[in-house]
Each structure stands twice: as C-alpha cells, then as structure tokens.
Amino acid sequence: MSDLVKLTYQDQTFEFPLIEGSENEVGIDIKTLRAKTGLITFDPGYKNTGSCKSSITFLDGEEGILRYRGYSIEDLCEKASFIDVAFLLIFGELPTKKELELFNKEIRQDSIVDEDLKSILKSFPKAAHPMGVLSSLTSALIAFNPNSVDVDSDQDMREAIIMLMAKFPILVSWTHRKVKGLPLNYANTSLSYVENIAHMMFKRPHQDFTASPVLVNALNKLLILHADHEQNCSTSTVRIVGSSHAGLFASVSAGISALWGPLHGGANQAVIEMLEAIKADGGDTKKYMAKAKDKNDPFRLMGFGHRVYKNFDPRARIIKKAADEVLQELEITDPILQIAKDLEQEALNDQYFIDRKLYPNVDFYSGIIYRALGIPTEMFTVMFALGRLPGWIAQWLEMRKNNEPIGRPRQIYDGKTLRNI
C-alpha cells in the first residue's frame with residue numbers, strides 16, 4: 001500500500017501522507033490541505049474526520065469490538081471493578097494492589113463537598129431536569145476550587161482527578177435525592193466506590209441500608225460499560241472545550257450538557273418513555289413490532305440497533321445478564337418491564353430484526369435496570385454521566401498532554417454576498 005494519497009485539482013497534483021493506527025485503521029493526513037490547495041473538506045457531523053490520535057479506546061462497530069487500553073470490555077466486566085477501570089482509563093494501566101489502595105484512600109479523603117453547594121442545589125425548583133442541575137453543580141466546583149491545574153505537574157493533575165472522582169458521585173446522589181425528596185447525605189468511606197454510590201443514592205434516613213451483591217454487580221457493570229466510547233459527542237465536547245485550555249471541571253460540565261441530548265445520553269430515557277407509550281395504548285407489543293417494520297409509519301423502536309455498532313452492541317450482551325439477575329432478585333411486578341421483556345423476545349426471534357441486525361442495545365437494558373432500581377427516568381442520563389466521568393477525564397488529560405491545538409472547524413459559507421444598506 002502506498003503511504004501517500006494524491007489529489008489532483010486544477011491540473012496540479014498534491015500529495016498527502018497516510019497515517020495508520022495500531023489496529024490498522026488508516027486515515028489521510030490533511031492538516032496541510034488548505035495551505036497547499038486552498039481547499040477545505042466538507043464533512044457534516046465529522047463522520048469521516050479523525051480529530052485526534054488517541055490510545056484510550058478502540059471501537060470496531062462492524063465487528064462489535066470495544067476495548068479500553070487494549071483490554072476487551074468483556075474481560076474488564078468479568079474481572080475488574082469500576083474503580084480499576086477508571087484508573088486504567090486515566091493512567092494507562094490497571095492498578096497494582098498498592099496503587100489501588102492509594103487511589104481509594106485519596107478518593108475517600110476528598111469525598112466531601114463545600115456546604116455552600118447545597119444552597120445552589122436548593123435554588124433549583126424540584127421540577128428542574130437533573131442533567132441541568134448536575135452540569136451546574138459540576139461547573140460550580142470551579143468556584144470552590146479556583147486554582148488552575150498545571151497540566152505539566154503530575155501532582156496538580158492527580159489532585160484535580162481525585163477531586164472530581166471523589167466529589168462527582170456526591171453531586172449525582174444529591175441530584176437524585178432532590179428528585180426523590182430525600183435528605184442529602186455524604187459518603188460512607190468504609191464502603192467500596194460502587195457500594196458507596198448505592199449507599200448515597202438509596203439509603204433512607206429511617207432505615208439501615210446494605211446494597212445487595214446483585215445491585216452492586218449491576219451498577220459496577222453499567223458504569224464500566226459507559227466509562228468511555230471513543231470520540232462521541234460528549235467526549236469530543238470535553239476535548240474541544242479543553243483545547244481552549246479551559247479547566248477540567250468546566251470541560252466536564254460541558255460534556256454533561258452534550259450528553260443531555262436525546263440523540264446521545266438520553267437514549268435509555270427514550271426507551272422507558274416508549275414503553276410507557278406502548279402501555280398507555282394497551283400494551284400490544286405485536287402491534288408496535290408491526291409499526292416498527294412499516295416504512296410509512298413514523299414510529300421507531302428505541303433501544304434496538306446502534307449508530308456505531310453495525311452487528312451487535314457488545315455491551316448489551318454483558319448487561320442483559322445483569323438485567324435478568326436484577327429483575328429476578330427484586331421480583332418486581334411492573335407492566336412496563338414486562339412489555340420490555342416481550343419486545344426483547346419478539347425482536348430476537350423476528351427475521352426482520354435478525355436480518356437487519358437490530359438487536360437490543362445497552363440503552364435498552366440499562367433503562368430496564370434503572371427503572372427496576374427505582375431510579376426516576378429523568379435520572380437515567382445522570383447515571384450515564386457518572387459512568388462516563390473517567391473517560392472524560394482520560395480524554396481531557398490526553399488532549400492536554402499532547403498539547404493539541406485549539407479546536408476550530410471551518411465552514412462553507414452559503415449566505416448573502418456583500419450588500420449595501
């Protein structure tokens with residue numbers, strides 16, 4: 001294979017080098033395109049544009065492969081905890097026993113939030129969307145921790161990382177408890193990272209709370225599965241905001257806002273809303289399967305297929321088992337969850353869906369688990385953000401360490417030409 005690509009334009013030929021990744025992905029390096037030719041590329045949504053080189057996550061949608069730092073998502077979910085995976089994503093390697101002990105110790109020591117943040121939380125009406133609340137609280141951390149982070153200082157960077165890993169679950173739990181009308185609480189530093197998340201979210205003031213192994217296992221897997229996903233909308237937002245040398249907290253706050261959109265992190269919420277609509281219409285799943293196959297019907301089956309995975313979503317296979325375990329343990333009788341199980345079985349055995357590889361994806365099963373745990377629908381995307389936090393941190397850190405230039409896309413102007421008043 002030639003290591004150059006030739007472009008002929010106006011009787012001139014220009015050469016551009018190829019760049020190859022460690023998994024044999026090949027791209028054309030066009031950073032000198034405009035300087036050489038006066039041309040730019042037009043690529044709405046950047047679907048064919050590589051914005052960076054990254055060593056964090058490898059995703060092959062055609063083959064259904066997802067790896068963090070070279071480790072398969074299947075292996076990590078089976079053998080690692082979420083805090084192991086967070087360390088892996090951020091620092092590049094799985095932690096040794098000593099490194100993990102120190103990481104957990106530092107997080108526990110920083111698991112407290114300035115009391116004045118409660119005043120900010122109280123200023124939101126109860127009807128405020130949790131994602132807006134979470135984004136605001138994350139951004140507010142800047143005011144209470146105003147020192148800028150020196151990315152060339154390993155100590156400064158580690159302190160910022162620990163601070164966010166420690167405080168973010170508290171902000172998530174406070175957001176959840178405001179929605180549920182529960183008093184705010186703090187971390188229990190005797191618990192593991194994921195057990196503590198469950199404690200902060202679900203403990204009621206008049207009851208003792210011990211998270212069941214099935215609950216902890218399901219949360220652990222959900223958080224790992226959402227921890228990173230290459231250059232998606234919110235991750236690209238974190239990187240491009242950070243490219244202006246905005247701080248870590250501000251960049252992550254922007255990522256939360258990007259994740260809020262229904263085309264991104266809101267997909268699992270859309271699944272439950274669809275199931276509720278089917279229930280309200282009588283609960284006839286066969287009717288809605290037929291509607292989904294009718295090209296003239298605007299109805300779309302949410303939680304099936306994926307814009308990146310063209311075969312199957314590897315995360316869905318993992319979380320399906322956890323979803324089954326949660327439903328079995330909790331023995332919930334919920335018509336919404338029964339509709340979900342009926343749709344799943346019909347889709348997995350319907351040739352139309354099999355031929356088009358429209359399998360249930362991670363959003364379908366995560367929505368089922370969150371509902372079974374009693375998490376309000378509008379909190380689903382907040383849980384997604386909790387899992388995605390270490391990926392955002394890792395991507396921001398990589399971008400700054402590589403000293404990437406400020407993001408500044410071009411455009412093709414198609415407005416009015418010069419006019420006189």
# chains A, B, ... in the order shown; residues from 1 in each chain; ligands from 1
>>> residues_around(residues="Lys180 in chain A", least_positions_apart="6", cutoff="12 Å", atoms="only C-alpha atoms", output="ChimeraX atom specification")
/A:126-127,130,173-174,201-204,374-379
>>> residues_around(residues="range 108-113 of chain A", least_positions_apart="6", cutoff="7 Å", atoms="only C-alpha atoms", output="list in words")
Met163, Ala166, Lys167, Ala187 and Thr189 of chain A
>>> select_by_dssp(residues="range 263-402 of chain A", states="alpha helix (DSSP H)", output="PyMOL selection string")
chain A and resi 267-280+285-293+314-330+335-348+351-355+362-372+380-401
>>> closest_residue(among="A:Cys52, A:Ala80, A:Val382, A:Leu59", to="Thr138 in chain A", atoms="only C-alpha atoms")
A:Val382
>>> closest_atom_pairs(of="range 229-337 of chain A", to="range 213-225 of chain A", cutoff="12 Å", atoms="only C-alpha atoms", output="CSV")
residue,atom,partner,partner_atom,distance
A:His229,CA,A:Leu225,CA,8.7
A:Asp313,CA,A:Leu225,CA,10.7
A:Pro314,CA,A:Leu225,CA,9.3
A:Arg315,CA,A:Leu225,CA,6.1
A:Ala316,CA,A:Leu225,CA,9.0
A:Arg317,CA,A:Leu225,CA,10.8
A:Ile318,CA,A:Lys221,CA,7.9
A:Ile319,CA,A:Lys221,CA,6.9
A:Lys320,CA,A:Ala218,CA,9.9
A:Lys321,CA,A:Ala218,CA,9.0
A:Ala322,CA,A:Ala218,CA,5.3
A:Ala323,CA,A:Ala218,CA,7.3
A:Asp324,CA,A:Ala218,CA,9.9
A:Glu325,CA,A:Val214,CA,6.8
A:Val326,CA,A:Val214,CA,6.3
A:Leu327,CA,A:Val214,CA,9.9
A:Gln328,CA,A:Val214,CA,9.8
A:Glu329,CA,A:Val214,CA,7.5
A:Leu330,CA,A:Leu215,CA,9.5
>>> residues_around(residues="range 341-352 of chain A", least_positions_apart="3", cutoff="10 Å", atoms="only C-alpha atoms", output="list in words")
Leu275, Gly283, Asp284, Thr285, Lys286, Tyr288, Met289, Lys293, Leu301, Gly303, Phe304, Asp324, Pro335, Ile336, Leu337, Gln338, Asp355, Arg356, Lys357, Leu358, Tyr359, Pro360, Phe364, Tyr365 and Ile368 of chain A
>>> closest_residue(among="A:Lys36, A:Tyr193, A:Gly21, A:Val252", to="Gly50 in chain A", atoms="only C-alpha atoms")
A:Gly21
>>> atom_distance(atom1="CA of Asn185 in chain A", atom2="CA of Phe168 in chain A")
13.5 Å
>>> closest_residue(among="A:Thr333, A:Arg419, A:Ser190, A:Ser22", to="Phe58 in chain A", atoms="only C-alpha atoms")
A:Ser22
>>> residues_around(residues="Asp43 in chain A", least_positions_apart="6", cutoff="12 Å", atoms="only C-alpha atoms", output="mmCIF file with N, CA and C atoms, in the first residue's frame")
data_model
loop_
_atom_site.group_PDB
_atom_site.id
_atom_site.type_symbol
_atom_site.label_atom_id
_atom_site.label_comp_id
_atom_site.auth_asym_id
_atom_site.auth_seq_id
_atom_site.Cartn_x
_atom_site.Cartn_y
_atom_site.Cartn_z
ATOM 1 N N THR A 49 -14.032 12.221 9.751
ATOM 2 C CA THR A 49 -12.888 13.038 10.143
ATOM 3 C C THR A 49 -12.326 12.559 11.470
ATOM 4 N N GLY A 50 -11.050 12.253 11.489
ATOM 5 C CA GLY A 50 -10.358 11.930 12.725
ATOM 6 C C GLY A 50 -9.835 13.211 13.346
ATOM 7 N N SER A 51 -10.334 13.566 14.522
ATOM 8 C CA SER A 51 -9.945 14.838 15.145
ATOM 9 C C SER A 51 -8.687 14.722 15.987
ATOM 10 N N PRO A 409 -13.194 24.305 13.789
ATOM 11 C CA PRO A 409 -13.634 23.801 12.479
ATOM 12 C C PRO A 409 -13.842 24.931 11.475
ATOM 13 N N ARG A 410 -13.724 24.589 10.209
ATOM 14 C CA ARG A 410 -14.014 25.529 9.118
ATOM 15 C C ARG A 410 -15.481 25.382 8.707
ATOM 16 N N GLN A 411 -15.903 26.205 7.766
ATOM 17 C CA GLN A 411 -17.258 26.123 7.240
ATOM 18 C C GLN A 411 -17.258 26.488 5.760
ATOM 19 N N ILE A 412 -18.336 26.092 5.104
ATOM 20 C CA ILE A 412 -18.609 26.563 3.741
ATOM 21 C C ILE A 412 -19.711 27.614 3.864
#
>>> residues_around(residues="Ala267 in chain A", least_positions_apart="4", cutoff="8 Å", atoms="only C-alpha atoms", output="short mmCIF file (atom, residue, chain, number, x, y, z; two decimals) with N, CA, C and O atoms, in the first residue's frame")
data_model
loop_
_atom_site.label_atom_id
_atom_site.label_comp_id
_atom_site.auth_asym_id
_atom_site.auth_seq_id
_atom_site.Cartn_x
_atom_site.Cartn_y
_atom_site.Cartn_z
N PRO A 262 -31.14 13.96 23.60
CA PRO A 262 -31.79 12.66 23.39
C PRO A 262 -31.13 11.79 22.33
O PRO A 262 -31.35 10.58 22.30
N LEU A 263 -30.33 12.38 21.44
CA LEU A 263 -29.61 11.57 20.45
C LEU A 263 -28.34 10.97 21.01
O LEU A 263 -27.65 10.20 20.34
N VAL A 271 -36.13 4.95 25.83
CA VAL A 271 -36.62 3.57 25.85
C VAL A 271 -37.81 3.46 26.80
O VAL A 271 -38.87 2.92 26.44
N MET A 302 -37.16 2.24 20.05
CA MET A 302 -35.99 2.76 20.75
C MET A 302 -35.25 1.65 21.48
O MET A 302 -35.85 0.74 22.04
N GLY A 303 -33.92 1.74 21.49
CA GLY A 303 -33.11 0.76 22.20
C GLY A 303 -32.74 -0.45 21.38
O GLY A 303 -32.22 -1.44 21.92
N ASP A 363 -28.56 0.67 25.82
CA ASP A 363 -29.55 1.62 26.34
C ASP A 363 -30.85 0.92 26.72
O ASP A 363 -31.52 1.30 27.69
#
>>> residues_around(residues="Val241 in chain A", least_positions_apart="3", cutoff="10 Å", atoms="only C-alpha atoms", output="list in words")
Thr235, Ser236, Thr237, Val238, Ser244, His245, Ala246, Gly247, Leu248, Ala250, Ser251, Val252, Ser253, Ala254, Gly255, Trp396, Ile406 and Gly407 of chain A
>>> closest_residue(among="A:Leu373, A:Ile240, A:Ile28, A:Leu102", to="Ala211 in chain A", atoms="only C-alpha atoms")
A:Leu373
>>> residues_around(residues="Gly92 in chain A", least_positions_apart="2", cutoff="12 Å", atoms="only C-alpha atoms", output="list of chain:residue names")
A:Ser54, A:Ser55, A:Ile56, A:Thr57, A:Tyr68, A:Arg69, A:Gly70, A:Tyr71, A:Asp84, A:Val85, A:Ala86, A:Phe87, A:Leu88, A:Leu89, A:Ile90, A:Leu94, A:Pro95, A:Pro390, A:Gly391, A:Ala394, A:Gln395, A:Leu397, A:Glu398
>>> atom_distance(atom1="CA of Ala340 in chain A", atom2="CA of Ile272 in chain A")
8.7 Å
>>> atom_distance(atom1="CA of Phe380 in chain A", atom2="CA of Gly367 in chain A")
7.1 Å
